[in-house]
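Engineer: So I've got this file, work.txt, and it contains compact mmCIF, C-alpha atoms:
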# COMPACT_ATOMS: atom_id res chain seq x y z
CA MET A 40 0.00 0.00 0.00
CA VAL A 41 1.32 3.42 -0.92
CA LEU A 42 0.12 6.72 0.48
CA VAL A 43 0.88 9.59 -1.89
CA LEU A 44 0.83 13.02 -0.27
CA ARG A 45 0.23 16.26 -2.18
CA GLY A 46 3.39 18.28 -1.79
CA GLU A 47 2.08 21.62 -3.02
CA LEU A 48 -0.20 21.88 0.02
CA ARG A 49 2.78 22.00 2.38
CA LEU A 50 0.81 20.38 5.20
CA THR A 51 2.21 20.14 8.71
CA ALA A 52 3.63 16.81 9.87
CA GLY A 53 0.51 16.17 11.95
CA LYS A 54 -1.92 16.96 9.16
CA THR A 55 0.15 14.81 6.79
CA ALA A 56 0.08 11.87 9.19
CA VAL A 57 -3.69 12.12 9.55
CA GLN A 58 -4.27 12.21 5.78
CA ALA A 59 -2.11 9.10 5.36
CA ALA A 60 -4.03 7.37 8.15
CA HIS A 61 -7.35 8.25 6.51
CA ALA A 62 -6.20 6.72 3.22
CA ALA A 63 -4.94 3.56 4.90
CA VAL A 64 -8.16 2.92 6.83
CA MET A 65 -10.30 3.66 3.76
CA LEU A 66 -8.30 1.23 1.63
CA ALA A 67 -8.19 -1.47 4.31
CA ASP A 68 -11.98 -1.23 4.58
CA SER A 69 -12.89 -1.04 0.91
CA THR A 70 -10.53 -3.78 -0.25
CA ARG A 71 -11.75 -6.23 2.38
CA VAL A 72 -14.57 -7.06 -0.05
CA SER A 73 -13.14 -6.00 -3.43
CA HIS A 74 -9.66 -7.57 -3.19
CA PRO A 75 -9.74 -10.15 -0.36
CA LYS A 76 -6.72 -12.13 -1.58
CA TRP A 77 -4.42 -9.12 -1.91
CA VAL A 78 -5.57 -7.90 1.51
CA ALA A 79 -4.93 -11.30 3.13
CA VAL A 80 -1.37 -11.39 1.79
CA TRP A 81 -0.78 -7.79 2.82
CA ARG A 82 -1.96 -8.45 6.38
CA GLN A 83 0.12 -11.61 6.67
CA GLN A 84 3.20 -9.69 5.60
CA GLY A 85 2.82 -6.92 8.18
CA GLN A 86 0.59 -4.42 6.37
CA LYS A 87 3.45 -2.69 4.62
CA LYS A 88 2.85 0.99 3.91
CA ILE A 89 5.04 3.50 2.11
CA ALA A 90 4.50 7.27 2.16
CA LEU A 91 5.46 9.02 -1.08
CA LEU A 92 5.45 12.60 -2.29
CA ALA A 93 3.80 13.96 -5.43
CA ASN A 94 4.25 17.52 -6.59
CA ASP A 95 0.65 18.46 -7.25
CA LEU A 96 -2.89 17.34 -7.96
CA ASN A 97 -2.27 16.87 -11.69
CA GLU A 98 0.46 14.37 -10.99
CA MET A 99 -1.77 12.53 -8.52
CA GLU A 100 -4.64 12.38 -11.00
CA GLU A 101 -2.32 10.81 -13.57
CA LEU A 102 -1.16 8.24 -10.99
CA ARG A 103 -4.76 7.46 -10.19
CA ARG A 104 -5.63 6.94 -13.88
CA ARG A 105 -2.72 4.57 -14.31
CA ALA A 106 -3.62 2.63 -11.15
CA LEU A 107 -7.24 2.27 -12.25
CA ALA A 108 -6.09 1.08 -15.68
CA ARG A 109 -4.32 -1.78 -13.86
CA HIS A 110 -7.39 -2.42 -11.71
CA LEU A 111 -5.60 -1.52 -8.49
CA PRO A 112 -7.56 -0.29 -5.45
CA VAL A 113 -7.40 3.50 -5.18
CA VAL A 114 -8.87 6.09 -2.83
CA TRP A 115 -8.85 9.86 -2.60
CA VAL A 116 -8.73 11.53 0.79
CA GLU A 117 -10.69 14.77 0.83
CA ASP A 118 -10.10 16.92 3.84
CA ALA A 119 -12.98 18.36 5.83
CA GLY A 120 -11.01 21.58 5.70
CA MET A 121 -11.48 22.85 9.19
CA THR A 122 -7.86 23.82 9.68
CA GLU A 123 -5.17 24.06 7.01
CA VAL A 124 -7.00 23.66 3.67
CA ALA A 125 -10.37 24.46 2.06
CA PRO A 126 -13.19 21.89 2.51
CA GLY A 127 -13.05 19.10 -0.06
CA THR A 128 -9.38 19.59 -0.87
CA ARG A 129 -7.78 16.37 -2.10
CA THR A 130 -4.81 15.77 0.15
CA CYS A 131 -3.72 12.16 -0.36
CA LEU A 132 -4.05 9.35 -2.90
CA GLY A 133 -3.95 5.81 -1.54
CA ILE A 134 -3.16 2.83 -3.77
CA GLY A 135 -3.29 -0.82 -2.73
CA PRO A 136 -2.89 -3.26 -1.15
CA ALA A 137 -1.60 -4.94 -4.28
CA PRO A 138 1.44 -6.97 -5.35
CA ALA A 139 4.59 -4.84 -5.07
CA ALA A 140 5.38 -5.06 -8.78
CA GLU A 141 1.93 -3.71 -9.64
CA VAL A 142 2.28 -0.76 -7.29
CA ASP A 143 5.89 -0.05 -8.25
CA ALA A 144 4.86 0.19 -11.89
CA ILE A 145 2.74 3.20 -10.94
CA THR A 146 4.63 4.94 -8.15
CA GLY A 147 8.16 3.55 -8.36
CA ALA A 148 9.59 6.88 -9.55
CA LEU A 149 8.16 9.00 -6.73
CA PRO A 150 10.41 10.17 -3.87
CA LEU A 151 9.79 9.04 -0.30
CA LEU A 152 7.93 11.57 1.80
CA MET B 178 -9.06 8.45 17.51
CA VAL B 179 -5.72 9.89 18.52
CA LEU B 180 -2.35 8.85 17.15
CA VAL B 181 0.46 9.71 19.58
CA LEU B 182 3.91 9.82 18.01
CA ARG B 183 7.12 9.33 19.96
CA GLY B 184 9.01 12.59 19.63
CA GLU B 185 12.40 11.39 20.90
CA LEU B 186 12.79 9.16 17.83
CA ARG B 187 12.81 12.20 15.50
CA LEU B 188 11.32 10.20 12.65
CA THR B 189 11.07 11.64 9.15
CA ALA B 190 7.71 12.93 7.95
CA GLY B 191 7.22 9.82 5.84
CA LYS B 192 8.07 7.38 8.60
CA THR B 193 5.82 9.33 10.97
CA ALA B 194 2.91 9.18 8.51
CA VAL B 195 3.33 5.41 8.11
CA GLN B 196 3.38 4.79 11.88
CA ALA B 197 0.18 6.81 12.28
CA ALA B 198 -1.42 4.86 9.43
CA HIS B 199 -0.42 1.55 11.03
CA ALA B 200 -2.04 2.59 14.32
CA ALA B 201 -5.23 3.74 12.61
CA VAL B 202 -5.70 0.52 10.64
CA MET B 203 -4.91 -1.64 13.68
CA LEU B 204 -7.45 0.22 15.81
CA ALA B 205 -10.12 0.27 13.09
CA ASP B 206 -9.70 -3.52 12.76
CA SER B 207 -9.54 -4.47 16.43
CA THR B 208 -12.39 -2.25 17.59
CA ARG B 209 -14.75 -3.54 14.90
CA VAL B 210 -15.50 -6.42 17.28
CA SER B 211 -14.56 -5.01 20.68
CA HIS B 212 -16.26 -1.59 20.48
CA PRO B 213 -18.80 -1.72 17.62
CA LYS B 214 -20.92 1.19 18.84
CA TRP B 215 -18.02 3.60 19.23
CA VAL B 216 -16.70 2.57 15.83
CA ALA B 217 -20.09 3.08 14.17
CA VAL B 218 -20.36 6.61 15.56
CA TRP B 219 -16.79 7.37 14.59
CA ARG B 220 -17.33 6.20 11.02
CA GLN B 221 -20.59 8.15 10.69
CA GLN B 222 -18.81 11.30 11.83
CA GLY B 223 -16.00 11.09 9.29
CA GLN B 224 -13.42 8.94 11.09
CA LYS B 225 -11.83 11.86 12.92
CA LYS B 226 -8.15 11.39 13.69
CA ILE B 227 -5.76 13.67 15.54
CA ALA B 228 -1.97 13.29 15.54
CA LEU B 229 -0.31 14.28 18.82
CA LEU B 230 3.25 14.39 20.08
CA ALA B 231 4.63 12.76 23.23
CA ASN B 232 8.16 13.34 24.44
CA ASP B 233 9.24 9.78 25.06
CA LEU B 234 8.27 6.18 25.70
CA ASN B 235 7.72 6.74 29.44
CA GLU B 236 5.10 9.37 28.73
CA MET B 237 3.41 7.09 26.20
CA GLU B 238 3.34 4.18 28.64
CA GLU B 239 1.63 6.39 31.23
CA LEU B 240 -0.95 7.49 28.63
CA ARG B 241 -1.57 3.85 27.76
CA ARG B 242 -2.09 2.91 31.42
CA ARG B 243 -4.61 5.71 31.87
CA ALA B 244 -6.45 4.78 28.66
CA LEU B 245 -6.67 1.14 29.72
CA ALA B 246 -7.97 2.18 33.14
CA ARG B 247 -10.86 3.86 31.31
CA HIS B 248 -11.34 0.78 29.10
CA LEU B 249 -10.47 2.66 25.91
CA PRO B 250 -9.11 0.80 22.87
CA VAL B 251 -5.32 1.13 22.66
CA VAL B 252 -2.65 -0.19 20.33
CA TRP B 253 1.12 -0.01 20.14
CA VAL B 254 2.83 0.24 16.79
CA GLU B 255 6.14 -1.60 16.77
CA ASP B 256 8.30 -0.86 13.80
CA ALA B 257 9.89 -3.65 11.79
CA GLY B 258 13.02 -1.53 11.98
CA MET B 259 14.37 -1.91 8.50
CA THR B 260 15.16 1.76 8.07
CA GLU B 261 15.26 4.41 10.80
CA VAL B 262 14.90 2.50 14.10
CA ALA B 263 15.81 -0.84 15.67
CA PRO B 264 13.38 -3.76 15.15
CA GLY B 265 10.55 -3.78 17.68
CA THR B 266 10.88 -0.11 18.55
CA ARG B 267 7.58 1.33 19.76
CA THR B 268 6.88 4.32 17.54
CA CYS B 269 3.23 5.24 18.00
CA LEU B 270 0.40 4.75 20.51
CA GLY B 271 -3.12 4.73 19.10
CA ILE B 272 -6.18 5.35 21.30
CA GLY B 273 -9.81 5.07 20.23
CA PRO B 274 -12.21 5.40 18.58
CA ALA B 275 -13.99 6.57 21.73
CA PRO B 276 -16.16 9.51 22.80
CA ALA B 277 -14.18 12.76 22.59
CA ALA B 278 -14.49 13.47 26.31
CA GLU B 279 -12.99 10.08 27.14
CA VAL B 280 -10.02 10.59 24.84
CA ASP B 281 -9.49 14.21 25.85
CA ALA B 282 -9.26 13.14 29.49
CA ILE B 283 -6.16 11.16 28.55
CA THR B 284 -4.46 13.15 25.80
CA GLY B 285 -6.00 16.63 26.06
CA ALA B 286 -2.76 18.19 27.31
CA LEU B 287 -0.54 16.89 24.50
CA PRO B 288 0.58 19.22 21.70
CA LEU B 289 -0.46 18.60 18.10
CA LEU B 290 2.17 16.89 16.00
Starting from the file, lay out its structure as structure tokens.
Structural biologist:
Amino acid sequence: MVLVLRGELRLTAGKTAVQAAHAAVMLADSTRVSHPKWVAVWRQQGQKKIALLANDLNEMEELRRRALARHLPVVWVEDAGMTEVAPGTRTCLGIGPAPAAEVDAITGALPLL
Amino acid sequence: MVLVLRGELRLTAGKTAVQAAHAAVMLADSTRVSHPKWVAVWRQQGQKKIALLANDLNEMEELRRRALARHLPVVWVEDAGMTEVAPGTRTCLGIGPAPAAEVDAITGALPLL
């Protein structure tokens, strides 16, 4: 599972951590039904998560398109916007759980957060 | 739900985000059975999460004791230690989901991450 944060928003460390946590819970929930085998392997192997950094929303939308084209689980986190950003702002793109090669094909070039 | 990070470890932003995400998924999973009513309310209200900062492990252990005394859900995140910390290092304490007043009684004095 990768958690891609939107760099241009320049969120605080705390806000960043919360957006990543939102994405992870949303993916763990939604894939329980949609991708049970990938989720089972992911849980057995310690629920690996990697936080990555994208420059901006355009880059994240392109990543999302490519992930969907490979039928990978994806989720947008939209912030309620009570503190650092406007309501509905997309802050994080979550992808997975999925086999590492599938995820790397999409996000392998992104820097670590 | 609060995600309490261990300040003395001085983790990177990415490592911090991943530890918070681990705690959130672990709590969302474990409380599905143990605290179904609190989880249902939490999900209906947007899965609120707050990232907080503790100084060190001693402070986190005291928070955990107080949370357990109130019968709140708690979880330790132990890092696999392949990058920034030694294997088994406790990096994050998750508490909740639980009513805000219950959680605030434990962590209300901690600074935001």
Engineer: Just checking: using all atoms listed in the file, which residue out of B:Cys269, B:Val262, B:Leu188, B:Ala194 ends up closest to Glu236 (chain B)?
Structural biologist: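 That would be B:Cys269, the residue with the smallest distance to Glu236 (chain B).
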Engineer: Given 5 Å on each side, where is the centre and what are the edge lengths in Å to one decimal of the axis-aligned box enclosing the listed atoms of region 95-107 of chain A, as lines of an AutoDock Vina configuration file?
Structural biologist:
center_x = -3.3
center_y = 10.4
center_z = -10.8
size_x = 17.9
size_y = 26.2
size_z = 17.1
Engineer: What are the residues of chain B that have an atom within 7 Å of an atom of chain A, counting only C-alpha atoms, as a PyMOL selection string?
Structural biologist: chain B and resi 190-191+193-195+197-198+201-202+226-228+289-290
Engineer: Take the residues just selected and output them with C-alpha atoms as an mmCIF file, in the coordinates of the input.
Structural biologist:
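Done, and the output landed in out-v4.cif:
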data_model
loop_
_atom_site.group_PDB
_atom_site.id
_atom_site.type_symbol
_atom_site.label_atom_id
_atom_site.label_comp_id
_atom_site.auth_asym_id
_atom_site.auth_seq_id
_atom_site.Cartn_x
_atom_site.Cartn_y
_atom_site.Cartn_z
ATOM 1 C CA ALA B 190 7.710 12.930 7.950
ATOM 2 C CA GLY B 191 7.220 9.820 5.840
ATOM 3 C CA THR B 193 5.820 9.330 10.970
ATOM 4 C CA ALA B 194 2.910 9.180 8.510
ATOM 5 C CA VAL B 195 3.330 5.410 8.110
ATOM 6 C CA ALA B 197 0.180 6.810 12.280
ATOM 7 C CA ALA B 198 -1.420 4.860 9.430
ATOM 8 C CA ALA B 201 -5.230 3.740 12.610
ATOM 9 C CA VAL B 202 -5.700 0.520 10.640
ATOM 10 C CA LYS B 226 -8.150 11.390 13.690
ATOM 11 C CA ILE B 227 -5.760 13.670 15.540
ATOM 12 C CA ALA B 228 -1.970 13.290 15.540
ATOM 13 C CA LEU B 289 -0.460 18.600 18.100
ATOM 14 C CA LEU B 290 2.170 16.890 16.000
#
Engineer: What does the distance between CA of Val113 (chain A) and CA of Arg49 (chain A) come to in Å, to one decimal place?
Structural biologist: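 About the pair CA of Val113 (chain A) and CA of Arg49 (chain A): they are 22.4 Å apart.
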Engineer: Pick the closest to His248 (chain B) from B:Ala217, B:Leu234, B:Ala263, B:Ala275: which is it, counting all atoms listed in the file?
Structural biologist: B:Ala275
Engineer: Name all residues at most 12 Å from Lys76 (chain A) (count all atoms listed in the file; drop same-chain ones fewer than 4 positions away) and give them as a list in words.
Structural biologist: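 Contacts, with the query itself left out: Thr70, Arg71, Val72, Val80, Trp81, Arg82, Gln83, Gly135, Pro136, Ala137 and Pro138 of chain A.
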Engineer: Quick one: everything within 6 Å of Leu270 (chain B), counting all atoms listed in the file, minus sequence neighbours fewer than 3 positions away in the same chain. Send it as a list in words.
Structural biologist: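 The filter keeps Leu180, Val181, Val252 and Trp253 of chain B.
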Engineer: Which value, in Å to one decimal, gives the distance between CA of Thr266 (chain B) and CA of Asn235 (chain B)?
Structural biologist: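 CA of Asn235 (chain B) lies 13.2 Å from CA of Thr266 (chain B).
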Engineer: Pick from B:Ile283, B:Ile272, B:Val216, B:Ala278: nearest to Glu239 (chain B), with only C-alpha atoms counted?
Structural biologist: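 Ranking B:Ile283, B:Ile272, B:Val216, B:Ala278 by distance to Glu239 (chain B), first place goes to B:Ile283.
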Engineer: So, counting only C-alpha atoms, which residue among B:Met178, B:Leu249, B:Leu240, B:Met259 is closest to Thr284 (chain B)?
Structural biologist: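 Among B:Met178, B:Leu249, B:Leu240, B:Met259, it is B:Leu240 that comes nearest to Thr284 (chain B).
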Engineer: Just give me the gap between CA of Ala246 (chain B) and CA of Pro288 (chain B) in Å, one decimal is fine.
Structural biologist: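 About the pair CA of Ala246 (chain B) and CA of Pro288 (chain B): they are 22.2 Å apart.
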Engineer: In terms of the shortest atom-to-atom distance over only C-alpha atoms, which of B:Gln222, B:Thr268, B:Asn232, B:Ser211 is closest to Val254 (chain B)?
Structural biologist: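 Closest candidate: B:Thr268.
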